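Beneath this line is the structure, given in structure tokens, with notes to follow.
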Amino acid sequence: MIARVPIEKMNLKQKSLLFAKLSKIAYNDKKKVAQQIKPLGFTDAEYYDRDGAQAYRIWNKDDVVIVCRGTEPKEFNDLKADLKAFPVKSETVSRVHQGFKQEVDDLWPMVKEDILANPGNKSLWFTGHSLGAAMTTIMAGRCMHDPDLQDPVEVYTYGSPRAGWKKYVRDLNVTHHRWVNNNDIVTRVPFAAMGYRHDGTEHYMNAYGNVRKLTSWQRVKDRWRGMWMGLKKGGVDNFSDHSMVNYVANLEKWNNDMETAQSK
């Protein structure tokens with residue numbers, strides 16, 4: 001798939017795969033990112049990096065995408081951000097995860113300046129994986145609450161932890177497509193018992209990598225199935241399901257299924 005048309009003209013499957021690919025690409029260095037966005041129809045990229053918080057602004061003549069980079073196990077700052085689960089007052093309403101907020105605070109002056117400079121004819125989108133998904137949610141929320149900033153069209157996140165309290169996510173008012181891959185452990189933290197809630201419309205991938213709508217009981221069975229399948233492969237499903245590689249592979253399969261059905 002190549003994003004040579006405005007993103008708004010794509011369907012949910014196409015957009016979900018595009019943003020998954022961008023979230024995966026964001027883990028690379030600036031040179032690789034500049035190379036890898038070209039086949040997706042993007043022309044330029046700017047790298048944000050401050051105190052270990054990292055993101056990219058990627059754009060073409062139609063769209064601007066803010067892609068927040070997720071947790072890298074070798075980066076102490078990322079791990080420290082994940083562990084700072086104490087809820088603190090947000091820039092908008094209610095409370096958010098302290099570590100996620102700090103990562104956003106580090107980058108926000110640069111990101112905000114570029115959003116203000118964004119020509120009005122370019123649509124604004126946010127995406128990210130893991131820690132980057134939580135950062136993406138908070139950044140999009142700040143745009144929605146700032147009358148000087150352009151509202152994002154949509155937000156796409158992958159393997160996102162819970163970013164804020166119930167009132168915070170209820171007040172975000174942004175269209176958010178949140179992808180969960182089977183047993184992805186990161187999607188279950190911080191714990192709901194601490195007041196944290198998820199935002200957005202959840203899209204679930206089952207143990208076989210298929211996009212499915214399941215009842216609560218069906219999901220329980222599917223998670224056990226995924227755990228067993230992981231053990232048979234010698235792995236831990238909770239961690240392998242968090243990989244951005246697997247999110248992209250599942251979404252490629254979903255798009256290919258659509259193309260096959262249309263060709264019949």
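All residue names refer to the structure tokens as shown: chains lettered A, B, ... in order, residues numbered from 1 in each chain, ligands numbered from 1 in order.
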
Can you pull out the residues contacting segment 171-188 of chain A? Cut-off 8 Å, using only C-alpha atoms, and skip same-chain residues under 2 positions away; I want them as a PyMOL selection string. chain A and resi 93+130+140-141+144+152-162+167-169+190-191+199-207+209+222-223+226-227+237-242+247

For this session: Within segment 24-241 of chain A, find each residue whose DSSP state, derived from the backbone, is strand (DSSP E or B), and express the selection as an MDAnalysis selection string.
Result: chainID A and resid 44:50 53:59 63:68 87:89 95:97 123:129 154:158 164:165 176:181 196:197 201:205 211:212

* Please report, as a ChimeraX atom specification, each residue of segment 133-255 of chain A to which DSSP assigns helix (DSSP H, G or I) when run on this structure's backbone. => /A:133-145,166-170,185-188,192-194,216-232,237-240,244-255

Inset, instruction - Please provide as a count of residues only all residues within 12 Å of Lys253 of chain A, with the sequence filter that same-chain residues fewer than 4 positions apart are discarded (counting only C-alpha atoms). - result: 17

In terms of only C-alpha atoms, the residue from A:Leu12, A:Ala34, A:Ala20, A:Leu149 at minimal distance from Ser243 of chain A is A:Ala20

query: Between A:Met244, A:Tyr56, A:Val5, A:Arg170, which one has atoms that come closest to Arg95 of chain A, using only C-alpha atoms?
result: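 Checking each candidate against Arg95 of chain A, we get A:Arg170 as the closest.
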
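Take the candidates A:Phe42, A:Trp254, A:Trp165, A:Trp224 and check each one against Val96 of chain A using only C-alpha atoms; the shortest distance goes to A:Trp165.
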
* Skipping near chain neighbours, those fewer than 3 positions away, what residues fall within 8 Å of Tyr27 of chain A using only C-alpha atoms, listed as an NGL selection string? -> :A and (23-24 or 69-70)

Take the residues that were just selected and, keeping N, CA and C atoms, output them as a CSV table (one decimal), in the first residue's frame.
```
chain,number,residue,atom,x,y,z
A,23,SER,N,4.5,3.9,12.7
A,23,SER,CA,4.9,3.7,14.1
A,23,SER,C,6.1,2.7,14.2
A,24,LYS,N,6.2,1.8,13.3
A,24,LYS,CA,7.3,0.8,13.3
A,24,LYS,C,8.6,1.5,12.8
A,69,ARG,N,7.6,7.9,19.3
A,69,ARG,CA,8.4,6.6,19.4
A,69,ARG,C,8.1,6.0,20.7
A,70,GLY,N,8.0,4.6,20.7
A,70,GLY,CA,7.6,3.9,21.9
A,70,GLY,C,8.8,3.5,22.8
```

For Val67 of chain A, list every protein, DNA or RNA residue within 12 Å, evaluated using only C-alpha atoms, and leave out those in the same chain fewer than 4 positions away; present the list as a count of residues only. 46

* Asked: atom CA of Arg50 of chain A and atom CA of Gly195 of chain A are how many Å apart?
  ->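 Interatomic distance here is 29.2 Å.
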